[in-house]
4 protein chains.
Amino acid sequence: MTANDPREIGVGMLGYAFMGKAHSNAFHKIGYMTWPPPLRPSLVSIAGRNEEAVSEAARRYGFERWTSDWRELVADPGIGLFDNLGPNDLHAEPTIAAAEAGKHVVCEKPLGRDADESYEIWRRVAAAGVKHMCAFNYRFVPAVRLAREMIESGELGQLRHFRGRYLQDWGDTTEEIWRFEAASAGSGALGDLAAHVVDLARYLVGEIDTVGGLLTTFIPGREVDDAVEATVEFEGGAVGTLEATRLALGRRNAFQWEINGTKGSLAFDMERLNELQVFRADGDRARGFKTVLVSEMNHPFWEHWWPPGHIIGWGDTFVHELHHFLAAIAGDSEVAPHGATFEDGYRAAEVCDAIVRSSTSGKREAVGYRTAS
Amino acid sequence: MTANDPREIGVGMLGYAFMGKAHSNAFHKIGYMTWPPPLRPSLVSIAGRNEEAVSEAARRYGFERWTSDWRELVADPGIGLFDNLGPNDLHAEPTIAAAEAGKHVVCEKPLGRDADESYEIWRRVAAAGVKHMCAFNYRFVPAVRLAREMIESGELGQLRHFRGRYLQDWGDTTEEIWRFEAASAGSGALGDLAAHVVDLARYLVGEIDTVGGLLTTFIPGREVDDAVEATVEFEGGAVGTLEATRLALGRRNAFQWEINGTKGSLAFDMERLNELQVFRADGDRARGFKTVLVSEMNHPFWEHWWPPGHIIGWGDTFVHELHHFLAAIAGDSEVAPHGATFEDGYRAAEVCDAIVRSSTSGKREAVGYRTAS
Amino acid sequence: MTANDPREIGVGMLGYAFMGKAHSNAFHKIGYMTWPPPLRPSLVSIAGRNEEAVSEAARRYGFERWTSDWRELVADPGIGLFDNLGPNDLHAEPTIAAAEAGKHVVCEKPLGRDADESYEIWRRVAAAGVKHMCAFNYRFVPAVRLAREMIESGELGQLRHFRGRYLQDWGDTTEEIWRFEAASAGSGALGDLAAHVVDLARYLVGEIDTVGGLLTTFIPGREVDDAVEATVEFEGGAVGTLEATRLALGRRNAFQWEINGTKGSLAFDMERLNELQVFRADGDRARGFKTVLVSEMNHPFWEHWWPPGHIIGWGDTFVHELHHFLAAIAGDSEVAPHGATFEDGYRAAEVCDAIVRSSTSGKREAVGYRTAS
Amino acid sequence: MTANDPREIGVGMLGYAFMGKAHSNAFHKIGYMTWPPPLRPSLVSIAGRNEEAVSEAARRYGFERWTSDWRELVADPGIGLFDNLGPNDLHAEPTIAAAEAGKHVVCEKPLGRDADESYEIWRRVAAAGVKHMCAFNYRFVPAVRLAREMIESGELGQLRHFRGRYLQDWGDTTEEIWRFEAASAGSGALGDLAAHVVDLARYLVGEIDTVGGLLTTFIPGREVDDAVEATVEFEGGAVGTLEATRLALGRRNAFQWEINGTKGSLAFDMERLNELQVFRADGDRARGFKTVLVSEMNHPFWEHWWPPGHIIGWGDTFVHELHHFLAAIAGDSEVAPHGATFEDGYRAAEVCDAIVRSSTSGKREAVGYRTAS
């Protein structure tokens with residue numbers, strides 16, 4: 001089958017570091033790995049504070065131009081999609097401005113530094129009428145999407161347990177980075193890692209009702225939390241634990257979760273992101289968890305890739321995520337439910353805030369959600 | 001080397017079911033697998049309510065006699081060790097009576113049905129001056145002992161995280177058993193499974209200070225909890241999560257824990273009880289968790305077994321445990337710190353009670369410990 | 001249900017070291033773990049060359065008497081089962097003598113030091129009309145029996161591939177033990193380890209037709225092979241590889257095999273002997289190998305043990321094996337096909353001999369089997 | 001640091017299917033993931049027999065032009081690198097022609113359909129004086145390169161064992177593809193999969209001296225082999241087994257190998273290509289294989305990627321491989337020893353031919369290597 005040349009969309013990017021690389025790579029690959037792409041992304045301009053670094057990033061990733069002032073992106077008529085990868089304190093103002101200038105917006109997680117800021121971003125952007133997505137890329141891991149499909153189809157029955165933990169181990173450092181500053185980051189492991197756990201918990205299990213939380217800072221003088229522990233209750237009746245830490249030696253990127261239902265269970269580890277562990281209570285004498293290598297032609301996203309068994313990488317989750325957003329812009333589909341909208345970004349922030357409140361009050365806290373209007 | 005014939009000690013056992021099999025097997029094996037044994041156990045008498053069943057158990061396991069009245073064991077001068085494997089509501093009275101009759105006592109976990117009962121057992125038995133051990137057999141898994149030794153020697157540095165969960169999946173049943181009755185069992189997953197997690201947390205990480213807990217009963221009409229979730233703070237500064245459930249489909253006996261310190265990490269799963277996962281932050285370029293098959297001649301308990309790599313089973317943990325208790329009776333060593341004394345049994349009950357209080361109050365609860373006198 | 005006291009059978013054992021411990025332990029446990037046992041083994045006498053050692057073994061394992069002359073066992077009318085655990089050069093004469101004295105005989109593997117000797121043992125013992133079993137205990141691992149049942153029932157379809165390897169790593173030693181002496185052992189890794197691979201290959205896949213073999217001795221001055229490599233063709237059309245070595249660092253007891261058929265696959269590792277990996281080509285979208293913890297009540301041998309998930313050890317395979325032989329003596333069942341008869345022991349030796357011939361000739365060699373008469 | 005714009009090199013590609021996608025993607029990513037790239041690849045022209053398909057591939061992957069006649073690529077002065085991804089029967093003529101036209105050449109494996117053809121390609125291309133690489137991309141898996149570095153540095157001591165197998169399971173099909181035709185493919189699993197095993201065996205362990213081989217075709221009417229089994233002897237004294245099959249159900253892309261030396265062992269599985277299993281005989285009481293997630297900044301190729309623990313995919317091995325070739329063209333390094341030269345491609349073919357000869361003759365066959373002149 002021959003495809004017509006897809007329409008283009010101009011991309012403006014704020015941020016050029018780790019996430020700039022990940023998103024730029026994804027925009028390039030969408031152009032040929034997904035075929036035909038819903039829209040062909042054209043890298044128009046990239047913004048960042050360090051002129052030397054941002055100019056080199058522009059050359060490296062193939063942006064037509066660069067700027068040290070993100071307002072230029074907002075004003076740029078050639079840009080249809082604004083992709084905000086800046087530090088957390090640079091999420092609100094540029095994202096809202098871009099949306100109000102009519103650009104579709106992607107914003108890295110956490111959406112804001114707390115629920116209030118996140119709510120404000122969501123409310124203003126929703127009012128602007130553009131498409132919006134909070135870049136919780138782990139929804140776009142094939143194994144996670146497969147899990148979602150299995151749960152939705154009832155294969156697990158009614159859900160009873162969720163246990164999710166995001167373990168990293170780089171936190172024992174004296175390096176000065178924005179992620180350790182309260183003003184820039186808002187929080188530590190909470191917004192950086194636990195927010196991912198909360199988002200997947202909501203995506204896979206459902207809305208969280210109450211939390212009992214505990215924040216800990218181990219490193220003397222650090223402004224933000226190093227670790228988060230919580231117990232959670234879900235609206236649907238499931239209960240569980242939730243944890244995030246930057247101090248679990250040996251765990252580099254171990255976002256691990258397990259879900260138990262009345263008919264089966266699923267388990268996952270981001271360090272083996274191509275695999276899903278599947279248990280079904282089907283009476284089979286050969287009873288056990290199956291290690292499913294999620295790389296079959298009938299598996300999510302796999303039509304874009306390789307023959308079965310030829311695994312993809314962490315960076316490829318952004319291909320799926322931004323492809324999904326482009327399809328939404330092109331009108332082929334909605335951002336929700338598979339993409340996290342800014343409402344999802346806001347709701348994750350409400351859960352995180354409730355964990356903070358609970359840690360302070362020593363009490364189990366209910367999570368309350370506001371509506372957009 | 002030739003060993004002299006070890007002295008005998010008469011064993012009286014209360015209970016003949018699952019645990020009766022486990023302990024009887026251990027007493028037999030101690031006689032020849034550990035050589036020379038500290039004392040040679042002689043199976044004198046077994047007690048149980050069902051005459052037909054207990055008489056057959058006596059024949060099967062080689063007890064000299066049987067009785068349907070546990071008081072006969074207490075009165076039996078041929079019995080030096082009273083091993084209480086009855087349901088939880090039969091722990092206090094017979095154990096105290098046996099101790100006060102001068103017998104050394106082993107009691108299955110949980111020691112009592114709550115902290116008060118456990119305290120009473122401990123206090124009375126300690127006052128009697130006999131040796132006592134609460135049968136937290138998982139302290140006697142070689143991998144667990146190795147973990148303890150590594151932690152004690154400082155190989156993990158200062159401990160920061162504990163995450164422990166005991167997952168089983170047989171709870172979705174309408175079978176009527178004493179474990180589901182509040183009066184007999186005291187609690188559900190809490191006393192049955194979470195107590196094990198609490199005990200190993202205390203054994204490996206240290207005393208627990210505060211808990212935020214949540215008990216859940218999923219099965220309609222069930223008197224006891226099906227699942228427990230908690231966050232915990234340790235005296236030494238570590239934090240963590242703790243979970244136990246009888247409803248995690250696919251997990252048959254998955255007592256899994258992980259500990260992270262400032263120098264390394266350990267992880268374990270009871271379904272692979274011969275293995276310990278070990279991570280050390282030693283700067284090695286080949287960085288990762290080692291899967292240690294705990295079966296070397298310089299590993300705990302291994303002098304009793306086979307050549308390296310020839311794994312042992314769950315039942316063999318009782319060989320180690322009861323061997324340890326016999327050694328303590330023989331005066332070769334103390335029950336503590338490697339065996340759980342009744343004080344340990346009581347302290348685990350205090351943590352469990354605090355989880356219950358927290359679940360009810362919705363507040364983080366401090367754990368308070370009484371002294372024996 | 002009440003069982004009648006089972007009949008006794010007197011056991012005479014030749015050998016008291018590693019295997020003496022394993023078999024003695026098994027005879028003890030059969031008495032109460034399997035209930036009622038087909039026959040109750042009574043440990044009558046144990047023979048060995050070192051008087052001090054054998055007398056202590058007698059005390060340790062509870063034999064009524066001991067001797068330094070195995071002929072006394074053969075002459076002992078109280079002995080109904082002769083269990084030969086001596087070095088390979090002590091297999092033929094005592095085993096044949098015991099059988100010709102009317103005793104049922106178990107002999108450790110390899111049956112003889114080569115096919116000729118093995119054939120002679122089989123022929124003479126078969127002629128004596130007693131029950132005989134070559135102690136290939138790995139047939140009695142629950143996961144192996146489950147594999148056999150799945151294959152027999154056609155769940156794997158027609159078999160295409162077998163790849164089996166037995167890897168150990170203790171061979172880099174200057175210790176002087178009989179296993180390194182050609183006269184005592186016959187061969188090295190071949191008879192010790194590869195024989196196990198051959199036996200399970202025959203048990204699970206079927207008769208071996210041709211082999212292309214290669215023996216290697218790495219340690220200077222060693223009389224026997226350290227490693228065996230071979231390609232194999234089976235009568236039924238499957239092909240595969242077979243390997244055994246004492247020099248695979250890090251592999252302590254890694255008897256690993258995998259079988260692929262037209263409908264599914266199985267994989268196994270003795271270091272995780274409670275697990276069987278099962279793949280079925282059943283069109284399930286969740287496609288992958290299942291890690292089956294072989295410990296369910298409907299799994300082989302599990303009626304003797306613990307609740308699901310409470311794993312057994314390597315030593316427990318001997319409980320199953322000797323229980324099976326006692327049942328055969330009691331007339332409840334036949335030794336074959338689940339127990340390896342001396343014919344099986346002989347046939348394994350023919351395959352091993354063919355590997356030796358092939359290694360010498362540099363040619364693929366056909367395996368020829370003689371009949372008993 | 002700011003990089004100057006790297007020089008460009010024009011790429012001409014023959015083939016547009018699976019491998020066309022893999023190589024095109026790599027050429028794109030080299031431009032920004034490796035920074036600065038040694039040369040910036042410019043996709044000039046792509047050739048293929050089906051005009052509609054090749055024209056769409058050109059649009060999809062961003063080639064300036066396309067052609068159905070590969071000779072146009074050879075004649076194109078804008079092309080400096082000729083990348084041959086055609087079926088095996090299209091390797092020799094175009095590759096030689098391109099080289100003789102002065103273009104650097106990459107050719108997919110196997111180099112030719114047998115050793116004679118491979119030799120001819122190597123000899124002619126070497127004589128042309130251009131750079132040449134046979135695309136054994138698995139040398140460019142980070143874990144494989146790390147293995148090579150560890151072996152070279154002596155960390156494993158002297159090598160004793162290699163066991164390598166490449167297991168896939170798509171072969172049970174009636175689909176008609178060139179890989180099943182003898183004229184196009186030369187061989188089946190042998191050239192397609194076993195060639196990879198041979199190449200890594202040579203790369204990691206050293207030259208192969210002798211083989212005992214066995215080819216099997218299971219599917220009736222199939223012209224090529226479905227499975228290969230072999231025993232191998234290496235020049236350096238190691239021995240091992242080698243296997244490849246397209247009929248191992250459940251194994252999608254399981255290129256698994258293990259190497260044992262006198263000081264340590266390594267193991268690998270392509271389905272978990274980010275992991276290397278490492279064992280060292282260093283006397284550590286915590287003895288076992290380490291699961292190394294090969295994603296540290298001091299690991300091979302990782303300077304191009306993400307923070308530790310964020311894994312890469314199978315497709316990314318081509319980024320490393322073609323980056324390496326571009327560096328060689330730029331004069332920064334040599335193709336050998338890390339890239340497979342055409343001599344390596346030829347030598348792998350000699351080993352494969354020896355396996356064929358051995359399978360036919362039933363004899364162990366020596367591998368003989370010709371020199372280029």
# chains A, B, ... in the order shown; residues from 1 in each chain; ligands from 1

$ closest_atom_pairs --of "chain D" --to "chain A" --cutoff "7 Å" --atoms "only C-alpha atoms" --output "tab-separated table"
residue	atom	partner	partner_atom	distance
D:Thr2	CA	A:Glu56	CA	6.5
D:Tyr32	CA	A:Arg60	CA	5.2
D:Glu56	CA	A:Thr2	CA	6.5
D:Arg60	CA	A:Tyr32	CA	5.2
D:Tyr61	CA	A:Tyr32	CA	5.6
D:Arg252	CA	A:Gly309	CA	4.7
D:Asn253	CA	A:Gly309	CA	4.9
D:Glu271	CA	A:Gly309	CA	6.3
D:Pro308	CA	A:Arg252	CA	6.1
D:Gly309	CA	A:Arg252	CA	4.7
D:His310	CA	A:Trp314	CA	5.5
D:Ile311	CA	A:Gly313	CA	5.2
D:Ile312	CA	A:Gly313	CA	3.9
D:Gly313	CA	A:Ile312	CA	3.9
D:Trp314	CA	A:Ile311	CA	5.3

$ write_last_selection --atoms "all heavy atoms" --output "CSV table (one decimal), in the first residue's frame"
chain,number,residue,atom,x,y,z
D,2,THR,N,31.7,22.3,21.5
D,2,THR,CA,31.0,22.5,20.2
D,2,THR,C,31.7,21.6,19.2
D,2,THR,O,32.9,21.7,19.1
D,2,THR,CB,30.9,23.9,19.8
D,2,THR,OG1,30.3,24.7,20.8
D,2,THR,CG2,30.2,24.1,18.5
D,32,TYR,N,22.5,12.0,15.2
D,32,TYR,CA,22.3,12.8,16.4
D,32,TYR,C,22.5,12.1,17.7
D,32,TYR,O,22.8,12.7,18.8
D,32,TYR,CB,20.9,13.5,16.4
D,32,TYR,CG,19.7,12.5,16.3
D,32,TYR,CD1,19.2,11.8,17.3
D,32,TYR,CD2,19.2,12.2,15.0
D,32,TYR,CE1,18.2,10.9,17.2
D,32,TYR,CE2,18.2,11.3,14.8
D,32,TYR,CZ,17.7,10.6,15.9
D,32,TYR,OH,16.7,9.7,15.8
D,56,GLU,N,8.4,3.7,-2.3
D,56,GLU,CA,7.8,4.0,-1.0
D,56,GLU,C,8.9,4.0,0.1
D,56,GLU,O,8.9,4.9,1.0
D,56,GLU,CB,6.6,3.1,-0.7
D,56,GLU,CG,6.1,3.5,0.7
D,56,GLU,CD,4.6,3.1,0.9
D,56,GLU,OE1,4.0,2.5,0.0
D,56,GLU,OE2,4.0,3.5,2.0
D,60,ARG,N,9.8,6.9,2.6
D,60,ARG,CA,9.7,6.6,4.1
D,60,ARG,C,11.0,6.9,4.8
D,60,ARG,O,11.0,7.6,5.8
D,60,ARG,CB,9.3,5.1,4.2
D,60,ARG,CG,9.2,4.7,5.7
D,60,ARG,CD,8.6,3.3,5.8
D,60,ARG,NE,8.4,2.9,7.2
D,60,ARG,CZ,7.9,1.8,7.6
D,60,ARG,NH1,7.5,0.9,6.7
D,60,ARG,NH2,7.7,1.5,8.8
D,61,TYR,N,12.0,6.4,4.3
D,61,TYR,CA,13.3,6.5,5.0
D,61,TYR,C,14.1,7.7,4.6
D,61,TYR,O,15.2,8.0,5.1
D,61,TYR,CB,14.1,5.2,4.8
D,61,TYR,CG,13.4,4.0,5.3
D,61,TYR,CD1,13.0,3.0,4.5
D,61,TYR,CD2,13.0,4.0,6.7
D,61,TYR,CE1,12.3,1.9,5.0
D,61,TYR,CE2,12.3,2.9,7.2
D,61,TYR,CZ,11.9,1.9,6.3
D,61,TYR,OH,11.2,0.8,6.8
D,252,ARG,N,11.9,-16.8,20.7
D,252,ARG,CA,11.7,-15.9,19.6
D,252,ARG,C,13.0,-15.4,19.0
D,252,ARG,O,13.1,-15.4,17.7
D,252,ARG,CB,10.9,-14.7,20.1
D,252,ARG,CG,9.4,-15.0,20.2
D,252,ARG,CD,8.9,-15.6,18.9
D,252,ARG,NE,7.5,-15.3,18.6
D,252,ARG,CZ,6.9,-15.7,17.6
D,252,ARG,NH1,7.4,-16.6,16.7
D,252,ARG,NH2,5.6,-15.4,17.4
D,253,ASN,N,13.9,-15.1,19.8
D,253,ASN,CA,15.2,-14.6,19.3
D,253,ASN,C,16.3,-14.9,20.3
D,253,ASN,O,17.1,-14.0,20.6
D,253,ASN,CB,15.1,-13.1,19.0
D,253,ASN,CG,16.2,-12.6,18.1
D,253,ASN,OD1,16.7,-13.3,17.2
D,253,ASN,ND2,16.7,-11.4,18.3
D,271,GLU,N,17.4,-12.1,24.0
D,271,GLU,CA,16.1,-11.7,24.4
D,271,GLU,C,16.1,-10.7,25.6
D,271,GLU,O,15.2,-10.0,25.9
D,271,GLU,CB,15.1,-12.8,24.7
D,271,GLU,CG,14.8,-13.6,23.4
D,271,GLU,CD,13.8,-14.7,23.6
D,271,GLU,OE1,13.3,-14.9,24.7
D,271,GLU,OE2,13.4,-15.3,22.6
D,308,PRO,N,21.8,5.5,33.2
D,308,PRO,CA,21.9,4.0,33.5
D,308,PRO,C,20.5,3.4,33.8
D,308,PRO,O,19.7,4.1,34.4
D,308,PRO,CB,22.7,4.0,34.8
D,308,PRO,CG,23.6,5.2,34.7
D,308,PRO,CD,22.8,6.2,34.1
D,309,GLY,N,20.3,2.2,33.3
D,309,GLY,CA,19.1,1.5,33.6
D,309,GLY,C,18.0,1.8,32.6
D,309,GLY,O,17.0,1.1,32.6
D,310,HIS,N,18.2,2.7,31.7
D,310,HIS,CA,17.3,3.0,30.6
D,310,HIS,C,17.7,2.3,29.4
D,310,HIS,O,18.5,2.7,28.6
D,310,HIS,CB,17.2,4.5,30.4
D,310,HIS,CG,16.7,5.3,31.6
D,310,HIS,ND1,17.4,5.4,32.7
D,310,HIS,CD2,15.5,5.9,31.8
D,310,HIS,CE1,16.7,6.1,33.6
D,310,HIS,NE2,15.5,6.5,33.0
D,311,ILE,N,17.1,1.1,29.2
D,311,ILE,CA,17.7,0.1,28.2
D,311,ILE,C,17.5,0.5,26.8
D,311,ILE,O,16.6,1.3,26.4
D,311,ILE,CB,17.1,-1.3,28.5
D,311,ILE,CG1,15.6,-1.3,28.1
D,311,ILE,CG2,17.3,-1.7,29.9
D,311,ILE,CD1,15.0,-2.7,28.2
D,312,ILE,N,18.4,-0.1,25.9
D,312,ILE,CA,18.2,0.1,24.5
D,312,ILE,C,17.6,-1.1,23.8
D,312,ILE,O,17.4,-2.1,24.5
D,312,ILE,CB,19.6,0.5,23.8
D,312,ILE,CG1,20.6,-0.7,24.0
D,312,ILE,CG2,20.2,1.8,24.4
D,312,ILE,CD1,21.9,-0.6,23.2
D,313,GLY,N,17.4,-1.0,22.5
D,313,GLY,CA,16.7,-2.1,21.8
D,313,GLY,C,17.6,-2.7,20.8
D,313,GLY,O,18.7,-2.3,20.5
D,314,TRP,N,17.0,-3.8,20.2
D,314,TRP,CA,17.8,-4.5,19.2
D,314,TRP,C,18.2,-3.7,18.1
D,314,TRP,O,19.3,-3.8,17.6
D,314,TRP,CB,16.8,-5.7,18.8
D,314,TRP,CG,17.4,-6.4,17.6
D,314,TRP,CD1,18.2,-7.5,17.6
D,314,TRP,CD2,17.1,-6.2,16.2
D,314,TRP,NE1,18.5,-7.9,16.3
D,314,TRP,CE2,17.8,-7.1,15.5
D,314,TRP,CE3,16.3,-5.2,15.5
D,314,TRP,CZ2,17.7,-7.2,14.1
D,314,TRP,CZ3,16.2,-5.3,14.2
D,314,TRP,CH2,16.9,-6.2,13.4

$ residues_around --residues "His299 (chain A)" --least-positions-apart "6" --cutoff "9 Å" --atoms "only C-alpha atoms" --output "MDAnalysis selection string"
(chainID A and resid 142:143 145:146) or (chainID C and resid 285:286)

$ write_last_selection --atoms "all heavy atoms" --output "PDB file, in the first residue's frame"
ATOM      1  N   PRO A 142       4.860  -1.104  25.579  1.00  0.00           N
ATOM      2  CA  PRO A 142       3.936  -2.124  25.063  1.00  0.00           C
ATOM      3  C   PRO A 142       3.382  -3.033  26.151  1.00  0.00           C
ATOM      4  O   PRO A 142       2.184  -3.357  26.144  1.00  0.00           O
ATOM      5  CB  PRO A 142       4.806  -2.902  24.061  1.00  0.00           C
ATOM      6  CG  PRO A 142       5.776  -1.876  23.556  1.00  0.00           C
ATOM      7  CD  PRO A 142       6.089  -1.002  24.746  1.00  0.00           C
ATOM      8  N   ALA A 143       4.220  -3.428  27.103  1.00  0.00           N
ATOM      9  CA  ALA A 143       3.743  -4.321  28.162  1.00  0.00           C
ATOM     10  C   ALA A 143       2.700  -3.636  29.042  1.00  0.00           C
ATOM     11  O   ALA A 143       1.780  -4.291  29.545  1.00  0.00           O
ATOM     12  CB  ALA A 143       4.924  -4.785  29.030  1.00  0.00           C
ATOM     13  N   ARG A 145       0.609  -1.222  28.003  1.00  0.00           N
ATOM     14  CA  ARG A 145      -0.633  -1.157  27.228  1.00  0.00           C
ATOM     15  C   ARG A 145      -1.301  -2.527  27.181  1.00  0.00           C
ATOM     16  O   ARG A 145      -2.518  -2.650  27.297  1.00  0.00           O
ATOM     17  CB  ARG A 145      -0.337  -0.658  25.803  1.00  0.00           C
ATOM     18  CG  ARG A 145      -1.531  -0.652  24.863  1.00  0.00           C
ATOM     19  CD  ARG A 145      -2.605   0.364  25.215  1.00  0.00           C
ATOM     20  NE  ARG A 145      -2.171   1.730  25.047  1.00  0.00           N
ATOM     21  CZ  ARG A 145      -2.214   2.422  23.905  1.00  0.00           C
ATOM     22  NH1 ARG A 145      -2.738   1.872  22.816  1.00  0.00           N
ATOM     23  NH2 ARG A 145      -1.778   3.655  23.846  1.00  0.00           N
ATOM     24  N   LEU A 146      -0.507  -3.564  27.016  1.00  0.00           N
ATOM     25  CA  LEU A 146      -1.084  -4.913  27.016  1.00  0.00           C
ATOM     26  C   LEU A 146      -1.765  -5.202  28.355  1.00  0.00           C
ATOM     27  O   LEU A 146      -2.864  -5.767  28.398  1.00  0.00           O
ATOM     28  CB  LEU A 146       0.025  -5.945  26.737  1.00  0.00           C
ATOM     29  CG  LEU A 146      -0.407  -7.413  26.688  1.00  0.00           C
ATOM     30  CD1 LEU A 146      -1.465  -7.665  25.633  1.00  0.00           C
ATOM     31  CD2 LEU A 146       0.802  -8.329  26.441  1.00  0.00           C
TER      32      LEU A 146
ATOM     33  N   ARG C 285      -2.563 -14.826  23.150  1.00  0.00           N
ATOM     34  CA  ARG C 285      -1.849 -13.575  22.878  1.00  0.00           C
ATOM     35  C   ARG C 285      -0.755 -13.342  23.915  1.00  0.00           C
ATOM     36  O   ARG C 285       0.290 -12.773  23.615  1.00  0.00           O
ATOM     37  CB  ARG C 285      -2.865 -12.423  22.935  1.00  0.00           C
ATOM     38  CG  ARG C 285      -2.341 -11.119  22.394  1.00  0.00           C
ATOM     39  CD  ARG C 285      -3.387 -10.031  22.605  1.00  0.00           C
ATOM     40  NE  ARG C 285      -2.974  -8.760  22.103  1.00  0.00           N
ATOM     41  CZ  ARG C 285      -3.408  -7.605  22.598  1.00  0.00           C
ATOM     42  NH1 ARG C 285      -4.290  -7.587  23.581  1.00  0.00           N
ATOM     43  NH2 ARG C 285      -2.973  -6.465  22.104  1.00  0.00           N
ATOM     44  N   ALA C 286      -1.005 -13.765  25.136  1.00  0.00           N
ATOM     45  CA  ALA C 286       0.024 -13.707  26.180  1.00  0.00           C
ATOM     46  C   ALA C 286       0.884 -14.957  26.022  1.00  0.00           C
ATOM     47  O   ALA C 286       0.622 -15.997  26.612  1.00  0.00           O
ATOM     48  CB  ALA C 286      -0.608 -13.633  27.562  1.00  0.00           C
TER      49      ALA C 286
END

$ atom_distance --atom1 "CA of Ala115 (chain C)" --atom2 "CA of Val205 (chain C)"
21.0 Å

$ closest_atom_pairs --of "region 165-266 of chain D" --to "region 209-222 of chain C" --cutoff "12 Å" --atoms "only C-alpha atoms" --output "JSON lines"
{"residue": "D:Thr210", "atom": "CA", "partner": "C:Leu214", "partner_atom": "CA", "distance": 10.8}
{"residue": "D:Val211", "atom": "CA", "partner": "C:Leu214", "partner_atom": "CA", "distance": 9.9}
{"residue": "D:Gly212", "atom": "CA", "partner": "C:Gly212", "partner_atom": "CA", "distance": 6.5}
{"residue": "D:Gly213", "atom": "CA", "partner": "C:Gly212", "partner_atom": "CA", "distance": 7.9}
{"residue": "D:Leu214", "atom": "CA", "partner": "C:Gly212", "partner_atom": "CA", "distance": 8.7}
{"residue": "D:Glu229", "atom": "CA", "partner": "C:Gly212", "partner_atom": "CA", "distance": 10.0}
{"residue": "D:Ala230", "atom": "CA", "partner": "C:Gly212", "partner_atom": "CA", "distance": 8.5}
{"residue": "D:Thr231", "atom": "CA", "partner": "C:Leu214", "partner_atom": "CA", "distance": 7.4}
{"residue": "D:Val232", "atom": "CA", "partner": "C:Leu214", "partner_atom": "CA", "distance": 8.7}
{"residue": "D:Glu233", "atom": "CA", "partner": "C:Leu214", "partner_atom": "CA", "distance": 9.0}
{"residue": "D:Gly236", "atom": "CA", "partner": "C:Phe218", "partner_atom": "CA", "distance": 11.9}
{"residue": "D:Gly237", "atom": "CA", "partner": "C:Phe218", "partner_atom": "CA", "distance": 8.6}
{"residue": "D:Ala238", "atom": "CA", "partner": "C:Phe218", "partner_atom": "CA", "distance": 9.1}
{"residue": "D:Val239", "atom": "CA", "partner": "C:Thr216", "partner_atom": "CA", "distance": 7.8}
{"residue": "D:Gly240", "atom": "CA", "partner": "C:Leu214", "partner_atom": "CA", "distance": 9.2}
{"residue": "D:Thr241", "atom": "CA", "partner": "C:Leu214", "partner_atom": "CA", "distance": 10.0}
{"residue": "D:Gly261", "atom": "CA", "partner": "C:Phe218", "partner_atom": "CA", "distance": 11.4}
{"residue": "D:Thr262", "atom": "CA", "partner": "C:Phe218", "partner_atom": "CA", "distance": 10.4}

$ select_by_dssp --residues "region 234-329 of chain C" --states "strand (DSSP E or B)" --output "MDAnalysis selection string"
chainID C and resid 234 239:245 254:261 264:269 275:280 288:293

$ select_by_dssp --residues "region 105-235 of chain C" --states "alpha helix (DSSP H)" --output "PyMOL selection string"
chain C and resi 115-128+142-152+182-185+189+195-204

$ residues_around --residues "Gly154 (chain C)" --least-positions-apart "4" --cutoff "10 Å" --atoms "only C-alpha atoms" --output "PyMOL selection string"
chain C and resi 148-150+158-159+261-264

$ residues_around --residues "region 66-70 of chain C" --least-positions-apart "6" --cutoff "12 Å" --atoms "only C-alpha atoms" --output "MDAnalysis selection string"
chainID C and resid 11:16 43:60 76 82:86 90:91 93:95 97:98
